[in-house]
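A.B. asks: Input: one structure, supplied below.
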Amino acid sequence: MRSVIHNKMCWSRALVTGLALVLVQLLCLEGVPISIDKTKVKEPEKTPEEPPASVDTGLHYDRYLREVIDFLEKDQHFREKLHNTDMEDIKQGKLAKELDFVSHHVRTKLDELKRQEVNRLRTLIKAKQDLEGGNDIAVDHQALLKQFEYLNHMNPHTFEVDDLDRLIRSATKDLENYDKERHDEFKRYEMMKEHDRREHLKTLDEDDRKKEEEHYEEMRKKHADHPKVNHPGSQNQLKEVWEEADGLDPEDFDPKTFFNLHDTNGDGFFDEQELEALFTKELEKIYDPTNEEDDMVEMEEERLRMREHVMNEVDSNKDRLVSLDEFLVATKKKEFLEPDSWETLEQNQAYTDEEMREFEEHLAQQEQDLNLKAVDLQKQRDELERQQEQLNAQKIELQQAVEHMERLKSQKVEPPPEVHVEGNIIPEEHDNQLHFEQEAQPQEHQPAQQVPQDTPQEHHEQQNQVLDQHGLPQTHQDLPPGHHEAAQGEHNLP
């Protein structure tokens, strides 16, 4: 088989070369040869082939993990040790000790990567604290960094052997748990889908509920009616890929050639993503995104089940990679040549009745808690609205008071001027009243008869009587000398 492919490749290369020669001859016939100064001709730069992009592992520190591995592989000594060390030795930390022998440039870059990762984690911690409303609380970053076991938080500046050992152990453990978390997430998805279906049925009348149930059963049967699914990783399944995806004759199937064709990054291993790509043809038999009865989330879960099954059968050293040797050994087993039938998801319900019952009880409790929170929030809202109404009323009252004061200020009349009497202050209105009363006394104008003049003392007594009637202090003005003391003494009498 290998010689057939080689002959085909040689024939194709010869054909391309012949076409190129014919094209050159045609160009020579159509143009006049011109001497070219090769010193002024820039040869096209040869762009180095970029290495295949690393696949995201799904870990929250995936970028840090991949960058560390990429830089370690640039060191020739470490790269050789990496490819020659057994996975079990790697898990036990033997590979991490080789870090002491890498170049200074690589160690410097690893130090920089670690500092960047520590800063990233600190930023995440601060962002989480801000979301939880703890802006005024001092953050103990050293204590919080303990939860990230894949690096040594006590030394945030340099990348040491302990950091590489922690990174390897954490990645191995987290990747082993990653599939379990995906299965649990899918189980919750399936139970929620069933819960929503049941809740929808409760909203329908008897006739519509019956129609909905019939439609549901019809979709289930339609989904289960599909071509036979080959056992993942079996000879029949791989031959089908060889024929339909690779376009090769199934009679010429060769496991080693198949491995090299589908080792897309050429590293000599099948990783999990390369394995999952082999099951696309099988999954297309069951799932079609245009069909109502087919759920694409279920398709990805089926792909995960297939990959896990092959890994368990083929990956003998449990490094989550399938080497060429492991693959070739597996193709000689009975399970590869005569596999059992494969049971798809519709034949294996993702959850039990007990799990569904507990899930619905959990949802009911969550709904009850949310309702209580909603009632509490409504009370808080009503209280805030009441306080707002009070503030608005106070604002209106204050505004009205200000407007009233402004009106009073604009209508204010100047106070009457004061009349000053020696020793006392008499308002002008009282003086006018006094003058009016004096004028109101009947006086006849008799020019022939002389009116007797009041003595100063009599005039002063009359004035004091008028002032006393108005509640005003009496004055001692115009008293003869020696009478001021007497008047003062009169005031002092009891």
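Order determines the names: the first chain of the structure tokens is A, the second B, and so forth; residues in each chain are numbered 1 upward, and ligands are numbered 1 upward as they are shown.
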Could you give me, as a PyMOL selection string, the residues within 12 Å of Arg188 (chain A), counting only C-alpha atoms and dropping anything in the same chain fewer than 6 positions from it?
C.D. replies: chain A and resi 181-182+194-195+297+350-352+355-356+358-360+362-363
A.B. asks: Would you mind writing down, as a VMD selection string, each residue of region 329-370 of chain A that DSSP on the backbone assigns to helix (DSSP H, G or I)?
C.D. replies: chain A and resid 329 to 330 334 to 337 345 to 347 353 to 370
A.B. asks: I'd like to know which of A:Glu117, A:Glu206, A:Asp319, A:Asp174 is closest to Thr85 (chain A), using only C-alpha atoms.
C.D. replies: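 Going through A:Glu117, A:Glu206, A:Asp319, A:Asp174 one by one, the smallest distance to Thr85 (chain A) is for A:Asp319.
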A.B. asks: Please provide as a VMD selection string all residues within 8 Å of Leu113 (chain A), with the sequence filter that same-chain residues fewer than 4 positions apart are discarded (counting only C-alpha atoms).
C.D. replies: chain A and resid 64 67 to 68 109 117
A.B. asks: Skipping near chain neighbours, those fewer than 6 positions away, what residues fall within 10 Å of Ser170 (chain A) using only C-alpha atoms, listed as a list in words?
C.D. replies: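 Those residues are Lys91, Phe148, Glu149, Tyr150, Leu151, Leu164 and Glu176 of chain A.
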A.B. asks: In Å, rounded to a single decimal, give me how far CA of Met219 (chain A) is from CA of Asn291 (chain A).
C.D. replies: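 Calculated distance between CA of Asn291 (chain A) and CA of Met219 (chain A) is 9.6 Å.
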A.B. asks: Counting only C-alpha atoms, what is within 10 Å of region 223-233 of chain A, bar same-chain residues fewer than 3 positions away, as an MDAnalysis selection string?
C.D. replies: chainID A and resid 217:220 236:240 275:276 278:279 281:288 291:295 303 305:311 313:314 327 330:331 335:347
A.B. asks: Keeping only N, CA and C atoms, write the selected residues to a file as a compact mmCIF listing (two decimals), in the first residue's frame.
C.D. replies:
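again-v7.txt was written with the following content:
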```txt
# COMPACT_ATOMS: atom_id res chain seq x y z
N GLU A 217 -43.34 11.72 21.54
CA GLU A 217 -43.01 10.32 21.25
C GLU A 217 -42.64 10.13 19.79
N GLU A 218 -43.30 10.85 18.91
CA GLU A 218 -42.99 10.76 17.49
C GLU A 218 -41.56 11.23 17.22
N MET A 219 -41.14 12.33 17.86
CA MET A 219 -39.79 12.86 17.67
C MET A 219 -38.74 11.89 18.23
N ARG A 220 -39.05 11.25 19.34
CA ARG A 220 -38.11 10.29 19.91
C ARG A 220 -37.90 9.10 18.97
N ASN A 236 -14.12 -1.38 11.59
CA ASN A 236 -15.19 -0.91 10.70
C ASN A 236 -15.33 0.61 10.74
N GLN A 237 -15.22 1.16 11.94
CA GLN A 237 -15.37 2.62 12.07
C GLN A 237 -14.22 3.35 11.39
N LEU A 238 -12.99 2.87 11.57
CA LEU A 238 -11.84 3.55 10.97
C LEU A 238 -11.81 3.34 9.45
N LYS A 239 -12.23 2.18 8.99
CA LYS A 239 -12.28 1.95 7.54
C LYS A 239 -13.29 2.88 6.87
N GLU A 240 -14.37 3.16 7.58
CA GLU A 240 -15.37 4.08 7.04
C GLU A 240 -14.80 5.49 6.88
N LEU A 275 -8.70 12.62 18.17
CA LEU A 275 -9.53 11.43 18.28
C LEU A 275 -11.00 11.77 18.04
N GLU A 276 -11.48 12.84 18.66
CA GLU A 276 -12.88 13.22 18.51
C GLU A 276 -13.23 13.53 17.05
N LEU A 278 -12.30 11.94 14.56
CA LEU A 278 -12.51 10.69 13.83
C LEU A 278 -13.95 10.21 13.92
N PHE A 279 -14.73 10.74 14.87
CA PHE A 279 -16.09 10.25 15.09
C PHE A 279 -17.15 11.09 14.38
N LYS A 281 -18.08 11.28 11.26
CA LYS A 281 -18.91 10.52 10.33
C LYS A 281 -19.95 9.67 11.06
N GLU A 282 -19.58 9.09 12.18
CA GLU A 282 -20.54 8.31 12.95
C GLU A 282 -21.63 9.20 13.53
N LEU A 283 -21.26 10.36 14.00
CA LEU A 283 -22.23 11.27 14.61
C LEU A 283 -23.21 11.83 13.58
N GLU A 284 -22.74 11.98 12.35
CA GLU A 284 -23.63 12.49 11.29
C GLU A 284 -24.74 11.50 10.97
N LYS A 285 -24.54 10.22 11.32
CA LYS A 285 -25.62 9.24 11.13
C LYS A 285 -26.78 9.49 12.10
N ILE A 286 -26.47 10.06 13.25
CA ILE A 286 -27.48 10.21 14.31
C ILE A 286 -28.05 11.62 14.37
N TYR A 287 -27.22 12.61 14.12
CA TYR A 287 -27.61 14.00 14.37
C TYR A 287 -27.53 14.83 13.09
N ASP A 288 -28.57 15.63 12.91
CA ASP A 288 -28.63 16.58 11.80
C ASP A 288 -29.14 17.91 12.37
N ASN A 291 -32.78 18.99 11.76
CA ASN A 291 -33.91 18.18 12.23
C ASN A 291 -34.37 18.63 13.61
N GLU A 292 -35.65 18.72 13.79
CA GLU A 292 -36.21 19.12 15.08
C GLU A 292 -35.89 18.12 16.18
N GLU A 293 -35.84 16.86 15.82
CA GLU A 293 -35.68 15.82 16.83
C GLU A 293 -34.24 15.63 17.29
N ASP A 294 -33.27 16.30 16.63
CA ASP A 294 -31.86 16.11 16.95
C ASP A 294 -31.34 17.30 17.75
N ASP A 295 -30.70 17.00 18.87
CA ASP A 295 -30.17 18.02 19.78
C ASP A 295 -28.64 18.03 19.63
N ARG A 303 -20.05 12.49 21.31
CA ARG A 303 -18.65 12.55 20.86
C ARG A 303 -17.71 12.34 22.06
N ARG A 305 -18.36 10.69 24.83
CA ARG A 305 -18.45 9.29 25.24
C ARG A 305 -17.59 8.39 24.36
N MET A 306 -17.61 8.66 23.06
CA MET A 306 -16.82 7.86 22.12
C MET A 306 -15.34 8.04 22.38
N ARG A 307 -14.92 9.27 22.59
CA ARG A 307 -13.49 9.53 22.82
C ARG A 307 -13.03 8.88 24.12
N GLU A 308 -13.83 8.99 25.17
CA GLU A 308 -13.46 8.37 26.44
C GLU A 308 -13.33 6.85 26.30
N HIS A 309 -14.23 6.26 25.53
CA HIS A 309 -14.19 4.81 25.35
C HIS A 309 -12.90 4.38 24.66
N VAL A 310 -12.52 5.09 23.61
CA VAL A 310 -11.29 4.73 22.88
C VAL A 310 -10.07 4.95 23.77
N MET A 311 -10.05 6.05 24.52
CA MET A 311 -8.92 6.32 25.41
C MET A 311 -8.76 5.20 26.44
N GLU A 313 -9.55 2.12 26.13
CA GLU A 313 -9.11 0.87 25.52
C GLU A 313 -7.71 0.94 24.96
N VAL A 314 -7.27 2.13 24.49
CA VAL A 314 -6.02 2.24 23.73
C VAL A 314 -4.91 2.89 24.54
N PHE A 327 -1.53 2.64 19.29
CA PHE A 327 -2.56 2.50 18.27
C PHE A 327 -2.39 1.17 17.51
N ALA A 330 -3.45 -1.77 19.58
CA ALA A 330 -4.91 -1.86 19.71
C ALA A 330 -5.55 -2.46 18.47
N THR A 331 -4.97 -2.22 17.28
CA THR A 331 -5.56 -2.73 16.04
C THR A 331 -5.41 -4.25 15.91
N GLU A 335 -11.19 -6.74 20.23
CA GLU A 335 -12.18 -5.67 20.28
C GLU A 335 -12.13 -4.77 19.05
N PHE A 336 -10.95 -4.71 18.41
CA PHE A 336 -10.81 -3.90 17.20
C PHE A 336 -11.40 -4.62 15.99
N LEU A 337 -11.19 -5.92 15.94
CA LEU A 337 -11.63 -6.68 14.77
C LEU A 337 -13.09 -7.13 14.90
N GLU A 338 -13.52 -7.50 16.10
CA GLU A 338 -14.89 -7.99 16.30
C GLU A 338 -15.51 -7.26 17.50
N PRO A 339 -15.87 -6.01 17.32
CA PRO A 339 -16.37 -5.21 18.45
C PRO A 339 -17.83 -5.51 18.76
N ASP A 340 -18.22 -5.15 19.98
CA ASP A 340 -19.63 -5.22 20.34
C ASP A 340 -20.37 -4.04 19.73
N SER A 341 -21.69 -4.12 19.76
CA SER A 341 -22.49 -3.00 19.23
C SER A 341 -22.37 -1.79 20.18
N TRP A 342 -22.53 -0.61 19.63
CA TRP A 342 -22.40 0.63 20.41
C TRP A 342 -23.78 1.16 20.77
N GLU A 343 -24.01 1.40 22.05
CA GLU A 343 -25.27 1.94 22.51
C GLU A 343 -25.18 3.46 22.57
N THR A 344 -26.09 4.10 21.86
CA THR A 344 -26.08 5.56 21.80
C THR A 344 -26.82 6.15 23.00
N LEU A 345 -26.87 7.47 23.04
CA LEU A 345 -27.44 8.16 24.19
C LEU A 345 -28.92 7.83 24.41
N GLU A 346 -29.68 7.68 23.32
CA GLU A 346 -31.10 7.41 23.50
C GLU A 346 -31.35 6.04 24.13
N GLN A 347 -30.32 5.20 24.08
CA GLN A 347 -30.42 3.89 24.73
C GLN A 347 -29.90 3.91 26.16
```
A.B. asks: Could you work out how far CA of Asn260 (chain A) lies from CA of Asp325 (chain A), giving the answer in Å with one decimal?
C.D. replies: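 Taking CA of Asp325 (chain A) as the start and CA of Asn260 (chain A) as the end point, the length is 12.1 Å.
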A.B. asks: List every residue of region 203-330 of chain A that DSSP, applied to the backbone of this structure, assigns to strand (DSSP E), and report them as a list of chain:residue names.
C.D. replies: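 Strand (DSSP E) assignments inside region 203-330 of chain A correspond to A:Phe269, A:Phe270, A:Val322, A:Ser323.
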A.B. asks: I'd like the interatomic distance between CA of Glu301 (chain A) and CA of Pro250 (chain A), to a tenth of an Å.
C.D. replies: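 Atom-to-atom, CA of Glu301 (chain A) to CA of Pro250 (chain A), that is 28.7 Å.
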